[in-house]
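Working notes, structure below.
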Amino acid sequence: MNSIMAASSNRIMLGPLVAAIDQGTSSTRFLVFNAKTAELLSHHQVEIKQSFPKEGWVEEDPKEILQSVYECMDRTCEKLTQLNIDISNIKAIGVTNQRETTLVWDKETGEPLYNAIVWLDLRTQSTVERLINKTPGKNKNHLKHKTGLPISTYFSAVKLRWLMDNVEKVHEAVLSHTAMFGTVDSWLIWCLTGGKKGGVHCTDVTNASRTMLFNIHTMDWDPELCTYFDIPMEILPKVRSSSEIYGLMKSGPLTGVPISGCLGDQSAALVGQMCFKDGQAKNTYGTGCFLLKNVGTKPVMSDHGLLTTVAYKLGRDKPAYYALEGSVAIAGAVVRWLKDNLGIIQTSTELEKLAADVGTSYGCYFVPAFSGLYAPYWEPSARGIICGLTQFTNRSHLAFAALEAVCFQTREILDAMNLDSGINLSQLQVDGGMTSNRLLMQLQADILCIPVVKPSMPETTALGAAMAAGAAEGVSVWSLNPEDLTEVTSEKFEPQINPEESELRYARWKKAVQRAMNWETTEPVNNGNGQK
């Protein structure tokens, strides 16, 4: 539809708009799209503080997260008004979020009972070791047949278990039946739909599938899994599809607008990249790096260290689609670390320039296993390592090695995915904040030896949440029929180095990964003279 000026009000008529809340690990965004053209009209972003109270601990303040959402909404609405766009055209809101991050709050006071424990957090390592040791054969995949997941610090159940065991307020609230558990999506939807005054306590199938309490076959909470982790089912949110009206906004400039889409961030990116067919895949470069491949309506289990997860269920009566996922804990987080911890760069954009100055890591390899290694290893005892250093190595080589690390980690999960499916991906669709780094994109193509394709509108995660919200029954302003989906303009990065050189560098990377393994173990350390 053309933008026609409405003679009477001077406001631009754009037809229906759909908004998305994108609550990530390092920032919150609110974005507004045109439902007919998928064009991004306006957005606002606020950084989120992470706290590290102890080594390996990562927390965020639930109230700061909620406040950041309100701030982004208010600012975006102001920007739209300045653009003469009527915010009453916003017909629905979708929510997408960092997954697994765990919150418990009191349903009577509406107060969080502890900080949110972020997905990257490692405090549950001893809990995980204890759980694995009590399984037959000490098998980390003991629950995989139901959950699609290995027992790992990454998922919500072990974080929730830690909160119940170690935080008095949480323990008491569970006993007095006032505790509510949720991932970030549940906390936001509950608060935005009224909180203690009738807020809706729900989650969607994609977020639920990351808790280790959800059975991906029955598509509901599993009583046996809840018993295994000793978690009362009454504190869990109701599981809904990813596209239906959950409730209405109860305050702010968008009061009365339905919240009608909900997807974990990686699922949302899969939807936003239009990967609706079996075999389509995308890689998102955010705090971590996540490669998801749509495997259709039947879950496929991996033999090569990938997760089986729910991709989406776009409507109450629609089928659930599943994905194989390769999860890498540290991608963009390595940039933040070089900036905040080492101070070798002042801004993220500086990293690309530093690395480009040398064009090589000069034999330096950086394995950023800050939170252990995720896919395909699932090795929580690994820690970060920088090796191959010489007197020649400088900060530019380290910057280059950091970018290469993101690419090598992606190569490892792509290899695993190709082995699992028997069909090699011919190109990789990418999105996320780090894709603005052109050197990284070229490096990625070189290391994978396949083209890397980046859409010109990088906010695919938010777009996916907006599509789910706009397509919901009762909203129906966004069509997901293949013939109605807009053609996406994109840029292609072709491999430019010879495959032999690529293989050589990859082999050296694998050697570095082995050096990072089995570092932080709870067993007593042998001090070198044969005595424990």
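Chain lettering (A, B, ...) mirrors the order of the structure tokens, residue numbering begins at 1 for each chain separately, and ligand numbering begins at 1 in order of display.
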
Please provide as a PDB file with C-alpha atoms, in the first residue's frame all residues within 8 Å of range 459-466 of chain A, with the sequence filter that same-chain residues fewer than 5 positions apart are discarded (counting only C-alpha atoms).
ATOM      1  CA  VAL A  18       2.973  -4.938  14.536  1.00  0.00           C
ATOM      2  CA  ALA A  19       5.512  -4.431  17.315  1.00  0.00           C
ATOM      3  CA  ALA A  20       8.078  -6.747  18.869  1.00  0.00           C
ATOM      4  CA  ILE A  21       9.813  -6.761  22.236  1.00  0.00           C
ATOM      5  CA  ASP A  22      13.266  -8.294  21.753  1.00  0.00           C
ATOM      6  CA  LEU A  31      10.705  -2.510  17.088  1.00  0.00           C
ATOM      7  CA  PHE A  33       7.070  -3.194  11.549  1.00  0.00           C
ATOM      8  CA  ALA A  38       7.707  -6.200   6.772  1.00  0.00           C
ATOM      9  CA  ALA A  92      -0.346  -6.639  18.142  1.00  0.00           C
ATOM     10  CA  ILE A  93       2.872  -7.143  20.099  1.00  0.00           C
ATOM     11  CA  GLY A  94       5.207 -10.139  19.914  1.00  0.00           C
ATOM     12  CA  VAL A  95       7.743 -11.116  22.562  1.00  0.00           C
ATOM     13  CA  THR A  96      11.103 -12.735  21.890  1.00  0.00           C
ATOM     14  CA  GLY A 261       3.342 -13.822  19.681  1.00  0.00           C
ATOM     15  CA  CYS A 262       6.004 -15.473  21.806  1.00  0.00           C
ATOM     16  CA  LEU A 263       9.188 -17.230  20.645  1.00  0.00           C
ATOM     17  CA  ASP A 265      15.098 -15.637  20.341  1.00  0.00           C
ATOM     18  CA  GLN A 266      16.643 -18.418  18.219  1.00  0.00           C
ATOM     19  CA  SER A 267      13.249 -19.741  17.134  1.00  0.00           C
ATOM     20  CA  ALA A 268      12.157 -16.196  16.331  1.00  0.00           C
ATOM     21  CA  ALA A 269      15.204 -15.732  14.078  1.00  0.00           C
ATOM     22  CA  LEU A 270      14.336 -18.977  12.263  1.00  0.00           C
ATOM     23  CA  VAL A 271      10.832 -17.614  11.606  1.00  0.00           C
ATOM     24  CA  GLY A 272      12.178 -14.152  10.684  1.00  0.00           C
ATOM     25  CA  GLN A 273      14.549 -15.776   8.165  1.00  0.00           C
ATOM     26  CA  ASP A 431      21.650 -12.632  11.199  1.00  0.00           C
ATOM     27  CA  GLY A 432      22.285 -10.939  14.551  1.00  0.00           C
TER      28      GLY A 432
END

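Residues lying within 10 Å of Ala402 in chain A, counting only C-alpha atoms and ignoring same-chain neighbours fewer than 3 positions away, are A:Ala331, A:Gly332, A:Val334, A:Val335, A:Leu338, A:Leu351, A:Ala355, A:Ser361, A:Cys364, A:Tyr365, A:Phe366, A:Val367, A:Pro368, A:Ile386, A:Ser396, A:His397, A:Leu398, A:Ala399, A:Ala405, A:Val406, A:Cys407, A:Phe408, A:Leu440.
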
Among the residues A:Leu160, A:Leu248, A:Leu149, A:Ala401, the one that comes closest to Ser327 in chain A [using only C-alpha atoms]: A:Leu149

Two-atom distance - CA of Ala382 in chain A, CA of Ile330 in chain A (Å):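 Result for CA of Ala382 in chain A versus CA of Ile330 in chain A: 12.8 Å, one decimal.
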
Range 152-212 of chain A: residues DSSP assigns to strand (DSSP E or B), reported as number ranges by chain: A: 179-183, 202-204

Would you mind exporting the chosen residues as a compact mmCIF listing (two decimals), in the first residue's frame, restricted to all heavy atoms?
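Output file again34.txt follows:
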# COMPACT_ATOMS: atom_id res chain seq x y z
N ALA A 179 5.03 -18.82 44.95
CA ALA A 179 6.12 -18.70 43.97
C ALA A 179 5.62 -18.91 42.54
O ALA A 179 4.75 -19.75 42.30
CB ALA A 179 7.22 -19.71 44.28
N MET A 180 6.18 -18.14 41.64
CA MET A 180 5.95 -18.36 40.21
C MET A 180 7.32 -18.46 39.54
O MET A 180 8.19 -17.62 39.78
CB MET A 180 5.21 -17.18 39.59
CG MET A 180 3.72 -17.20 39.85
SD MET A 180 2.93 -15.85 38.94
CE MET A 180 1.24 -16.46 38.88
N PHE A 181 7.48 -19.48 38.71
CA PHE A 181 8.71 -19.62 37.93
C PHE A 181 8.43 -19.19 36.50
O PHE A 181 7.34 -19.39 35.98
CB PHE A 181 9.19 -21.08 37.94
CG PHE A 181 10.01 -21.46 36.72
CD1 PHE A 181 11.34 -21.07 36.61
CD2 PHE A 181 9.44 -22.16 35.66
CE1 PHE A 181 12.09 -21.38 35.48
CE2 PHE A 181 10.18 -22.49 34.52
CZ PHE A 181 11.51 -22.10 34.44
N GLY A 182 9.45 -18.64 35.86
CA GLY A 182 9.30 -18.36 34.43
C GLY A 182 10.64 -18.04 33.81
O GLY A 182 11.60 -17.68 34.49
N THR A 183 10.69 -18.21 32.49
CA THR A 183 11.82 -17.68 31.73
C THR A 183 11.45 -16.21 31.44
O THR A 183 10.38 -15.74 31.83
CB THR A 183 12.07 -18.52 30.46
OG1 THR A 183 10.81 -18.88 29.88
CG2 THR A 183 12.82 -19.79 30.80
N CYS A 202 2.16 -17.46 31.50
CA CYS A 202 2.25 -18.44 30.41
C CYS A 202 3.64 -18.40 29.79
O CYS A 202 4.43 -17.49 30.05
CB CYS A 202 1.18 -18.16 29.35
SG CYS A 202 1.45 -16.64 28.42
N THR A 203 3.92 -19.39 28.96
CA THR A 203 5.13 -19.42 28.15
C THR A 203 4.73 -20.05 26.83
O THR A 203 3.59 -20.50 26.67
CB THR A 203 6.25 -20.22 28.85
OG1 THR A 203 7.46 -20.08 28.10
CG2 THR A 203 5.91 -21.72 28.95
N ASP A 204 5.65 -20.08 25.87
CA ASP A 204 5.31 -20.78 24.62
C ASP A 204 6.13 -22.05 24.53
O ASP A 204 7.07 -22.27 25.31
CB ASP A 204 5.55 -19.87 23.40
CG ASP A 204 6.96 -20.01 22.86
OD1 ASP A 204 7.91 -19.71 23.61
OD2 ASP A 204 7.13 -20.46 21.72

Shell of 7 Å around Leu314 in chain A, only C-alpha atoms, local chain residues under 4 positions omitted, as a PyMOL selection string: chain A and resi 241-243+318+468

Output all heavy atoms for every residue in the selection just made, as a PDB file, in the first residue's frame.
ATOM      1  N   SER A 241       0.823 -22.006  22.425  1.00  0.00           N
ATOM      2  CA  SER A 241       1.510 -21.985  21.126  1.00  0.00           C
ATOM      3  C   SER A 241       2.278 -20.666  20.995  1.00  0.00           C
ATOM      4  O   SER A 241       2.160 -19.780  21.839  1.00  0.00           O
ATOM      5  CB  SER A 241       0.495 -22.116  19.986  1.00  0.00           C
ATOM      6  OG  SER A 241      -0.124 -20.861  19.749  1.00  0.00           O
ATOM      7  N   SER A 242       3.052 -20.531  19.913  1.00  0.00           N
ATOM      8  CA  SER A 242       3.887 -19.335  19.729  1.00  0.00           C
ATOM      9  C   SER A 242       3.107 -18.187  19.098  1.00  0.00           C
ATOM     10  O   SER A 242       3.634 -17.085  18.957  1.00  0.00           O
ATOM     11  CB  SER A 242       5.083 -19.661  18.822  1.00  0.00           C
ATOM     12  OG  SER A 242       5.700 -20.862  19.218  1.00  0.00           O
ATOM     13  N   SER A 243       1.860 -18.447  18.692  1.00  0.00           N
ATOM     14  CA  SER A 243       1.080 -17.432  17.988  1.00  0.00           C
ATOM     15  C   SER A 243      -0.390 -17.541  18.379  1.00  0.00           C
ATOM     16  O   SER A 243      -1.152 -18.283  17.784  1.00  0.00           O
ATOM     17  CB  SER A 243       1.251 -17.641  16.466  1.00  0.00           C
ATOM     18  OG  SER A 243       0.458 -16.745  15.738  1.00  0.00           O
ATOM     19  N   LYS A 318      -2.181 -25.496  14.953  1.00  0.00           N
ATOM     20  CA  LYS A 318      -1.155 -25.752  13.936  1.00  0.00           C
ATOM     21  C   LYS A 318      -0.143 -26.775  14.478  1.00  0.00           C
ATOM     22  O   LYS A 318       0.011 -26.910  15.693  1.00  0.00           O
ATOM     23  CB  LYS A 318      -0.425 -24.440  13.588  1.00  0.00           C
ATOM     24  CG  LYS A 318      -1.316 -23.371  12.958  1.00  0.00           C
ATOM     25  CD  LYS A 318      -1.527 -23.651  11.493  1.00  0.00           C
ATOM     26  CE  LYS A 318      -2.092 -22.502  10.689  1.00  0.00           C
ATOM     27  NZ  LYS A 318      -3.121 -21.687  11.271  1.00  0.00           N
ATOM     28  N   ALA A 468       4.783 -13.743  14.159  1.00  0.00           N
ATOM     29  CA  ALA A 468       3.952 -14.647  14.973  1.00  0.00           C
ATOM     30  C   ALA A 468       2.783 -13.881  15.592  1.00  0.00           C
ATOM     31  O   ALA A 468       1.651 -14.382  15.640  1.00  0.00           O
ATOM     32  CB  ALA A 468       4.801 -15.302  16.060  1.00  0.00           C
TER      33      ALA A 468
END

Quick one: residues within 7 Å of range 72-89 of chain A, only C-alpha atoms, excluding same-chain residues fewer than 2 positions away - as a short mmCIF file (atom, residue, chain, number, x, y, z; two decimals) with C-alpha atoms, in the first residue's frame?
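This is the output file selection-v3.cif:
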data_model
loop_
_atom_site.label_atom_id
_atom_site.label_comp_id
_atom_site.auth_asym_id
_atom_site.auth_seq_id
_atom_site.Cartn_x
_atom_site.Cartn_y
_atom_site.Cartn_z
CA ARG A 11 -0.86 11.43 9.71
CA ILE A 12 0.71 8.87 7.40
CA GLY A 15 -2.21 0.11 7.37
CA PRO A 16 -1.68 -2.25 10.31
CA LEU A 17 1.59 -2.23 12.27
CA ARG A 29 14.84 -3.53 21.89
CA PHE A 30 11.34 -2.53 20.84
CA SER A 42 11.19 2.60 14.15
CA HIS A 43 12.93 1.09 17.15
CA HIS A 44 14.72 1.87 20.39
CA GLN A 45 17.43 -0.05 22.24
CA VAL A 46 18.61 -0.05 25.87
CA SER A 68 14.03 -1.40 29.89
CA VAL A 69 11.01 -2.82 28.03
CA TYR A 70 8.79 0.06 29.16
CA LYS A 91 -2.47 -4.08 16.28
CA PRO A 253 0.88 4.10 25.43
#

Counting only C-alpha atoms, the residue of A:Leu66, A:Val58, A:Ile231, A:Ala329 that sits nearest Asp121 in chain A: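 So, comparing all the options, the nearest one is A:Val58.
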
Residues within 12 Å of Val104 in chain A, only C-alpha atoms, excluding chain neighbours under 5 positions, as a VMD selection string: chain A and resid 61 to 62 110 to 117 156 to 157 159 to 164 167 169 to 174 178 to 184 186 to 187 201 235 to 237

All helix (DSSP H, G or I) positions in range 355-476 of chain A, as an MDAnalysis selection string: chainID A and resid 355:358 395:421 433:436 438:448 460:470
